[in-house]
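Structure first, commentary second.
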Amino acid sequence: MLLLSIFGSPRRNGFSSRLHEELIIPFKERGFFIERVYAYQTDVKPCTGCGWCSEHPGCCINDGMTDIYRLIRSADIISISSPLYFSSFPSPLKAIMDRCQLIWEEGRRNKPVLKTAKGLFICAAGDEYKCMFDGVSMGIKHFYNAINTSYSPEDAILYPLSDSSSEISLEFIEKARIIGERYSAL
Ligand SMILES: Cc1cc2nc3c(=O)[nH]c(=O)nc-3n(C[C@H](O)[C@H](O)[C@H](O)COP(=O)(O)O)c2cc1C
């Protein structure tokens with residue numbers, strides 16, 4: 001079984017990455033293969049909306065996405081963590097998501113692919129304000145749907161007020177472990 005974990009933060013020791021590592025622990029304990037992708041270390045160019053993938057298989061940009069497409073196609077579980085940047089995703093993570101338009105186009109051209117993977121989401125934000133996670137919550141739901149991955153929004157880990165303390169609240173660490181336990185046991 002393969003867990004693909006995509007880290008959207010440039011900070012390996014930031015809140016979203018630390019919570020992500022907590023979530024991964026039960027998968028490790030249950031013998032999953034774990035592939036970590038650090039969005040800021042990938043060479044993934046933004047989607048140019050050229051339309052190639054609406055007519056042809058594959059993407060006409062040849063870069064770091066080639067490996068990521070392979071991982072996405074073979075993963076049983078995909079976990080994504082992200083900081084909240086201007087109420088949205090940071091650009092390297094968004095570039096990876098946008099380049100998955102190719103998978104959505106494949107589903108549109110051919111008969112729909114069975115949903116085999118399950119998706120998870122963690123987001124950390126510095127502040128706390130009304131509807132702050134609405135943009136990323138909608139975006140991640142749309143993304144997982146486009147790549148034929150089932151996703152339950154109630155299992156998202158949405159961490160506010162990270163800029164107020166360097167300590168992560170134990171309640172959220174516990175939640176990450178519980179979600180990891182549940183999905184690694186499926
Ligand atoms: C470019 C940038 C934009 C940000 N935008 C927001 C924002 O819109 N809302 C918010 O609550 N925090 C915002 N923050 C604060 C981060 O979300 C916060 O520091 C978070 O902990 C970063 O995630 P990380 O710890 O996983 O790196 C922003 C930080 C940066 C650097």
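Chain labels follow the order of the structure tokens: the first chain is A, the next B, and so on; residue numbering restarts at 1 in every chain, and ligands are counted from 1 in their shown order.
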
Inset, instruction - Could you please extract the residues within 8 Å of ligand 1, counting only C-alpha atoms and all ligand atoms, and hand them back as number ranges by chain? - result: A: 8-18, 81-88, 90, 123-129, 132, 160-163

Legend entry - Secondary structure check, strand (DSSP E or B) residues of segment 3-158 of chain A, as number ranges by chain: A: 3-7, 33-38, 77-83, 85, 88, 117-124, 149-151, 157-158

Legend entry - All alpha helix (DSSP H) positions in segment 117-178 of chain A, as a ChimeraX atom specification: /A:134-146,170-178

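Of the residues listed (A:Trp52, A:Phe33, A:Phe133, A:Phe7), A:Phe7 shows the shortest atom-to-atom separation from Pro92 of chain A; distances use only C-alpha atoms.
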
Legend entry - Arg109 of chain A surroundings by only C-alpha atoms, 9 Å radius, close-in-sequence under 5 positions cut, as number ranges by chain: A: 54-55, 104
